[in-house]
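Undergrad: Contents of query_5.cif (mmCIF, C-alpha atoms) are given next:
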data_target
#
loop_
_atom_site.label_atom_id
_atom_site.label_comp_id
_atom_site.auth_asym_id
_atom_site.auth_seq_id
_atom_site.Cartn_x
_atom_site.Cartn_y
_atom_site.Cartn_z
CA GLY A 1 109.38 115.13 125.72
CA GLN A 2 106.79 113.87 123.29
CA GLN A 3 104.64 111.00 124.54
CA VAL A 4 102.33 108.71 122.62
CA MET A 5 99.86 106.56 124.50
CA GLN A 6 97.64 103.76 123.29
CA ILE A 7 94.58 102.19 124.84
CA PRO A 8 93.71 99.53 125.51
CA GLN A 9 96.97 97.72 126.18
CA TYR A 10 95.24 94.39 125.62
CA GLN A 11 92.19 93.62 123.49
CA HIS A 12 90.53 90.21 123.63
CA VAL A 13 88.11 89.90 120.73
CA GLN A 14 85.70 87.19 119.67
CA GLU A 15 86.25 86.18 116.08
CA GLY A 16 83.82 88.09 113.91
CA GLU A 17 83.44 91.04 116.26
CA ASP A 18 84.66 94.62 115.78
CA PHE A 19 87.01 96.62 117.97
CA THR A 20 88.80 99.95 118.10
CA THR A 21 92.19 100.92 119.47
CA TYR A 22 93.06 104.52 120.30
CA CYS A 23 96.23 106.54 120.15
CA ASN A 24 96.84 109.89 121.86
CA SER A 25 99.80 112.22 121.59
CA SER A 26 100.93 114.85 124.06
CA THR A 27 101.86 117.14 121.15
CA THR A 28 100.42 118.00 117.75
CA LEU A 29 101.73 115.62 115.12
CA SER A 30 102.96 116.18 111.59
CA ASN A 31 101.85 112.70 110.66
CA ILE A 32 100.97 109.42 112.28
CA GLN A 33 101.82 105.92 111.14
CA TRP A 34 100.45 102.53 112.17
CA TYR A 35 102.43 99.31 112.34
CA LYS A 36 101.54 95.70 113.09
CA GLN A 37 103.88 93.28 114.85
CA ARG A 38 103.04 89.61 114.89
CA PRO A 39 104.17 87.58 117.94
CA GLY A 40 107.91 87.05 117.67
CA GLY A 41 108.09 89.20 114.57
CA HIS A 42 109.04 92.72 113.59
CA PRO A 43 106.90 95.81 113.03
CA VAL A 44 105.39 96.08 109.56
CA PHE A 45 104.05 99.35 108.20
CA LEU A 46 100.30 99.56 107.66
CA ILE A 47 99.48 103.16 106.84
CA GLN A 48 100.38 106.83 107.20
CA LEU A 49 97.93 109.66 107.90
CA VAL A 50 98.91 113.26 107.30
CA LYS A 51 95.86 115.50 107.06
CA SER A 52 93.62 116.67 109.87
CA GLY A 53 90.48 114.51 110.01
CA GLU A 54 91.85 112.08 107.42
CA VAL A 55 90.22 108.66 107.16
CA LYS A 56 91.76 105.76 105.26
CA LYS A 57 90.51 102.22 104.77
CA GLN A 58 92.35 99.00 104.08
CA LYS A 59 89.82 96.19 103.67
CA ARG A 60 88.51 95.60 107.20
CA LEU A 61 90.79 98.23 108.79
CA THR A 62 89.75 101.88 109.12
CA PHE A 63 92.28 104.47 110.27
CA GLN A 64 91.40 107.97 111.40
CA PHE A 65 93.47 111.04 112.26
CA GLY A 66 91.87 113.50 114.65
CA GLU A 67 90.96 117.05 113.70
CA ALA A 68 93.55 118.45 116.10
CA LYS A 69 96.18 115.99 114.83
CA LYS A 70 96.81 114.75 118.36
CA ASN A 71 94.94 111.47 118.25
CA SER A 72 94.20 108.59 115.96
CA SER A 73 92.21 105.39 115.94
CA LEU A 74 92.23 102.02 114.23
CA HIS A 75 88.95 100.18 113.85
CA ILE A 76 88.87 96.55 112.73
CA THR A 77 85.62 94.96 111.63
CA ALA A 78 84.80 91.25 111.57
CA THR A 79 88.00 90.29 113.37
CA GLN A 80 89.83 87.23 112.06
CA THR A 81 92.52 85.06 113.63
CA THR A 82 95.00 86.59 111.20
CA ASP A 83 94.49 89.93 112.99
CA VAL A 84 96.37 88.62 116.04
CA GLY A 85 99.35 90.78 116.93
CA THR A 86 100.32 94.12 118.42
CA TYR A 87 99.24 97.29 116.70
CA PHE A 88 101.45 100.32 117.25
CA CYS A 89 100.80 103.91 116.38
CA ALA A 90 103.84 106.12 115.85
CA GLY A 91 103.77 109.88 115.72
CA LEU A 92 106.09 112.33 114.05
CA ASN A 93 106.52 115.77 115.54
CA LYS A 94 108.92 117.58 113.23
CA ALA A 95 109.75 120.12 115.91
CA ALA A 96 111.10 117.25 118.01
CA GLY A 97 113.26 115.88 115.23
CA ASN A 98 112.76 113.45 112.38
CA LYS A 99 112.03 110.40 114.43
CA LEU A 100 108.89 108.42 115.12
CA THR A 101 107.71 108.09 118.71
CA PHE A 102 105.89 104.81 119.20
CA GLY A 103 102.99 104.15 121.50
CA GLY A 104 103.02 101.17 123.83
CA GLY A 105 100.87 99.13 121.48
CA THR A 106 97.56 97.28 121.70
CA ARG A 107 97.98 93.52 121.92
CA VAL A 108 95.12 91.81 120.14
CA LEU A 109 94.10 88.27 120.96
CA VAL A 110 91.31 86.63 118.97
CA LYS A 111 89.06 83.97 120.42
CA PRO A 112 87.83 81.55 117.77
CA ASN Y 1 115.13 92.90 96.88
CA ALA Y 2 116.55 92.23 100.30
CA GLY Y 3 114.91 94.02 103.16
CA VAL Y 4 116.67 95.27 106.26
CA MET Y 5 119.13 92.62 107.40
CA GLN Y 6 120.12 92.37 111.01
CA ASN Y 7 122.62 90.05 112.61
CA PRO Y 8 123.00 88.27 114.81
CA ARG Y 9 119.35 87.35 115.34
CA HIS Y 10 120.14 86.10 118.82
CA LEU Y 11 123.10 87.01 120.98
CA VAL Y 12 124.00 85.82 124.47
CA ARG Y 13 126.55 87.72 126.48
CA ARG Y 14 127.79 87.60 130.05
CA ARG Y 15 127.81 90.72 132.17
CA GLY Y 16 130.76 92.91 131.30
CA GLN Y 17 131.17 91.66 127.73
CA GLU Y 18 130.57 93.67 124.59
CA ALA Y 19 127.62 93.25 122.24
CA ARG Y 20 127.88 94.35 118.63
CA LEU Y 21 124.72 94.42 116.53
CA ARG Y 22 124.78 94.92 112.77
CA CYS Y 23 122.20 96.34 110.41
CA SER Y 24 122.29 96.51 106.63
CA PRO Y 25 119.51 98.82 105.42
CA VAL Y 26 117.41 98.32 102.32
CA LYS Y 27 119.59 98.99 99.27
CA GLY Y 28 119.50 102.68 98.49
CA HIS Y 29 118.28 103.74 101.94
CA SER Y 30 120.53 106.23 103.65
CA HIS Y 31 118.55 106.76 106.87
CA VAL Y 32 118.88 104.25 109.70
CA TYR Y 33 117.09 104.15 113.04
CA TRP Y 34 117.69 101.91 116.04
CA TYR Y 35 114.88 101.05 118.44
CA ARG Y 36 114.88 98.95 121.59
CA GLN Y 37 111.95 96.81 122.69
CA LEU Y 38 111.42 95.12 126.05
CA PRO Y 39 108.90 92.24 126.28
CA GLU Y 40 105.29 93.43 126.18
CA GLU Y 41 106.40 97.02 125.60
CA GLY Y 42 106.61 99.48 122.76
CA LEU Y 43 109.60 100.53 120.71
CA LYS Y 44 111.88 103.09 122.31
CA PHE Y 45 113.85 105.31 119.96
CA MET Y 46 117.60 105.15 120.48
CA VAL Y 47 119.44 106.78 117.59
CA TYR Y 48 118.98 108.10 114.05
CA LEU Y 49 121.85 108.06 111.60
CA GLN Y 50 122.51 109.04 108.04
CA LYS Y 51 125.59 107.90 106.20
CA GLU Y 52 128.61 108.76 108.38
CA ASN Y 53 126.55 111.10 110.58
CA ILE Y 54 124.65 110.76 113.83
CA ILE Y 55 121.57 112.96 113.44
CA ASP Y 56 119.82 112.31 116.74
CA GLU Y 57 121.09 110.19 119.62
CA SER Y 58 118.75 111.56 122.25
CA GLY Y 59 117.37 108.10 123.09
CA MET Y 60 120.70 106.41 123.58
CA PRO Y 61 122.34 106.17 127.02
CA LYS Y 62 125.48 108.32 127.21
CA GLU Y 63 127.48 105.54 128.81
CA ARG Y 64 128.40 102.23 127.18
CA PHE Y 65 126.28 102.67 124.02
CA SER Y 66 127.52 103.88 120.66
CA ALA Y 67 126.33 103.72 117.07
CA GLU Y 68 127.83 104.30 113.67
CA PHE Y 69 126.83 104.11 110.03
CA PRO Y 70 130.02 104.21 107.97
CA LYS Y 71 130.27 105.13 104.33
CA GLU Y 72 130.81 101.48 103.49
CA GLY Y 73 129.28 98.63 105.42
CA PRO Y 74 126.45 98.14 107.85
CA SER Y 75 125.32 100.28 110.73
CA ILE Y 76 126.65 99.04 114.07
CA LEU Y 77 125.11 99.40 117.51
CA ARG Y 78 127.73 98.68 120.15
CA ILE Y 79 127.03 98.04 123.80
CA GLN Y 80 130.06 97.84 126.03
CA GLN Y 81 130.19 96.18 129.45
CA VAL Y 82 126.69 94.80 129.12
CA VAL Y 83 124.43 94.50 132.15
CA ARG Y 84 121.29 92.40 132.64
CA GLY Y 85 119.10 95.42 131.99
CA ASP Y 86 120.42 95.58 128.43
CA SER Y 87 118.55 92.36 127.59
CA ALA Y 88 116.03 93.33 124.93
CA ALA Y 89 115.21 93.11 121.26
CA TYR Y 90 117.02 95.74 119.22
CA PHE Y 91 115.35 96.66 115.95
CA CYS Y 92 116.93 98.53 113.12
CA ALA Y 93 114.81 100.35 110.57
CA SER Y 94 115.68 102.18 107.37
CA SER Y 95 114.03 104.66 105.06
CA PRO Y 96 115.01 106.27 101.76
CA GLY Y 97 114.27 109.73 103.15
CA THR Y 98 113.05 111.19 106.39
CA VAL Y 99 110.00 109.68 108.09
CA ASN Y 100 108.11 112.76 107.06
CA THR Y 101 107.88 111.28 103.61
CA GLY Y 102 107.18 107.63 104.32
CA GLU Y 103 107.39 104.44 106.24
CA LEU Y 104 110.14 102.74 108.15
CA PHE Y 105 111.26 99.29 106.99
CA PHE Y 106 112.18 97.18 110.00
CA GLY Y 107 114.61 94.31 110.25
CA GLU Y 108 113.76 91.16 112.15
CA GLY Y 109 115.63 92.35 115.20
CA SER Y 110 118.56 91.19 117.30
CA ARG Y 111 117.57 89.66 120.59
CA LEU Y 112 120.21 90.20 123.24
CA THR Y 113 120.26 88.13 126.41
CA VAL Y 114 122.70 89.07 129.15
CA LEU Y 115 123.44 86.34 131.66
#
Give the structure from this file in structure tokens form.
TA:
Amino acid sequence: GQQVMQIPQYQHVQEGEDFTTYCNSSTTLSNIQWYKQRPGGHPVFLIQLVKSGEVKKQKRLTFQFGEAKKNSSLHITATQTTDVGTYFCAGLNKAAGNKLTFGGGTRVLVKP
Amino acid sequence: NAGVMQNPRHLVRRRGQEARLRCSPVKGHSHVYWYRQLPEEGLKFMVYLQKENIIDESGMPKERFSAEFPKEGPSILRIQQVVRGDSAAYFCASSPGTVNTGELFFGEGSRLTVL
């Protein structure tokens, strides 16, 4: 079945630094979504990417969808303590049904 | 506007008992998804329902687990004869259409502990 993998599993970042988390799918995706889950909380939608090579920005967050629509990345600049949480990518492969397959997440810890 | 409402937020059961988790989607949403999350892990798809219909239950164990989304009332995830391995957070999510068209709105989850 479809698999979505994320690396790294854990990301320790100094406040003010940049980092990138990567998402890879075993199959070509129709779209990819990113969610953030704060500790003890629930996943909250961040963004959806649909087109090959698409890049979207939200303030300090930059999301990219690969040309082959099998991978994606999230880059955060000037990390703040409010960025703490787990970032999940979730891929939709319409051929596998209308359900999102989530990656294992990247857990971000920020050192002040 | 109320978001996705799940209850109970926390549930403790002994082995062999039944757990019943409820989910009221965002008003107007007819698509409901249930996901399971173990500590430090991702969300595992369990089941996708539309009003009165199970669309995809490929992620749900065949034994002991069932789900419904009746015409009136919340969606219910039922776990019969719970075992310790069922301890997890169960998240419900809803959407107005299929995920091809937009995001999932998640509830705050029901955290099941089996003693």
Undergrad: Using only C-alpha atoms, which residues sit within 10 Å of Met5 (chain A) once same-chain residues fewer than 6 positions away are excluded, as a ChimeraX atom specification?
TA: /A:22-26,71,88-90,101-106 /Y:42
Undergrad: Filtering to C-alpha atoms, could you give me those residues as a PDB file, keeping the file's coordinate frame?
TA:
ATOM      1  CA  TYR A  22      93.060 104.520 120.300  1.00  0.00           C
ATOM      2  CA  CYS A  23      96.230 106.540 120.150  1.00  0.00           C
ATOM      3  CA  ASN A  24      96.840 109.890 121.860  1.00  0.00           C
ATOM      4  CA  SER A  25      99.800 112.220 121.590  1.00  0.00           C
ATOM      5  CA  SER A  26     100.930 114.850 124.060  1.00  0.00           C
ATOM      6  CA  ASN A  71      94.940 111.470 118.250  1.00  0.00           C
ATOM      7  CA  PHE A  88     101.450 100.320 117.250  1.00  0.00           C
ATOM      8  CA  CYS A  89     100.800 103.910 116.380  1.00  0.00           C
ATOM      9  CA  ALA A  90     103.840 106.120 115.850  1.00  0.00           C
ATOM     10  CA  THR A 101     107.710 108.090 118.710  1.00  0.00           C
ATOM     11  CA  PHE A 102     105.890 104.810 119.200  1.00  0.00           C
ATOM     12  CA  GLY A 103     102.990 104.150 121.500  1.00  0.00           C
ATOM     13  CA  GLY A 104     103.020 101.170 123.830  1.00  0.00           C
ATOM     14  CA  GLY A 105     100.870  99.130 121.480  1.00  0.00           C
ATOM     15  CA  THR A 106      97.560  97.280 121.700  1.00  0.00           C
TER      16      THR A 106
ATOM     17  CA  GLY Y  42     106.610  99.480 122.760  1.00  0.00           C
TER      18      GLY Y  42
END
Undergrad: So the first atom is CA of Ile76 (chain A) and the second is CA of Gln64 (chain A); what is the distance between them in Å, to one decimal place?
TA: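 So the two atoms, CA of Ile76 (chain A) and CA of Gln64 (chain A), lie 11.8 Å apart.
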Undergrad: In the coordinate frame of the file, compute which residues have an atom within 10 Å of (102.7, 89.7, 116.5) when using only C-alpha atoms, and state them as a list of chain:residue names.
TA: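 Residues lying no farther than 10 Å from the given point: A:Lys36, A:Gln37, A:Arg38, A:Pro39, A:Gly40, A:Gly41, A:His42, A:Pro43, A:Val44, A:Thr82, A:Asp83, A:Val84, A:Gly85, A:Thr86, A:Tyr87, A:Arg107, A:Val108, A:Leu109.
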Undergrad: Using all atoms listed in the file, find the residues of chain Y whose closest atom to chain A is at most 9 Å away, then write them as a list of chain:residue names.
TA: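 Result: Y:Tyr33, Y:Glu40, Y:Glu41, Y:Gly42, Y:Leu43, Y:Lys44, Y:Phe45, Y:Val47, Y:Tyr48, Y:Ile55, Y:Asp56, Y:Phe91, Y:Thr98, Y:Val99, Y:Asn100, Y:Gly102, Y:Glu103, Y:Leu104, Y:Phe105, Y:Phe106, Y:Gly107, Y:Glu108, Y:Gly109.
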Undergrad: Expand the PyMOL selection byres ((chain A and resi 56-63) around 6) into the explicit residue set it covers here, and present it as a list of chain:residue names.
TA: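 Selection result, ordered by chain and number: A:Val55, A:Gln64, A:Ser73, A:Leu74, A:His75, A:Ile76, A:Thr77.
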Undergrad: Please evaluate the PyMOL selection byres ((chain Y and resi 79) around 7) against the structure above and give the resulting residues as JSON, numbers by chain.
TA: {"Y": [18, 19, 20, 64, 65, 66, 77, 78, 80, 81, 82]}
Undergrad: Could you please determine the separation between CA of Pro25 (chain Y) and CA of Ala67 (chain Y) in Å, to one decimal place?
TA: 14.4 Å
Undergrad: Quick check, in Å to one decimal: how far apart do CA of Val114 (chain Y) and CA of Arg13 (chain Y) lie?
TA: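 These atoms are spaced 4.9 Å apart.
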Undergrad: If the PyMOL selection byres ((chain Y and resi 111) around 8) were run on this exact file, what residues would it hold? Put them as a VMD selection string.
TA: chain Y and resid 9 to 11 87 to 90 109 to 110 112 to 113
Undergrad: Pick out the residues sitting within 9 Å of Pro74 (chain Y), and hand them over as a list of chain:residue names; count all atoms listed in the file, and ignore anything fewer than 3 positions along from it in its own chain.
TA: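 After dropping sequence-adjacent residues, the list is Y:Arg22, Y:Cys23, Y:Ser24, Y:Pro25, Y:Glu68, Y:Phe69, Y:Pro70, Y:Lys71.
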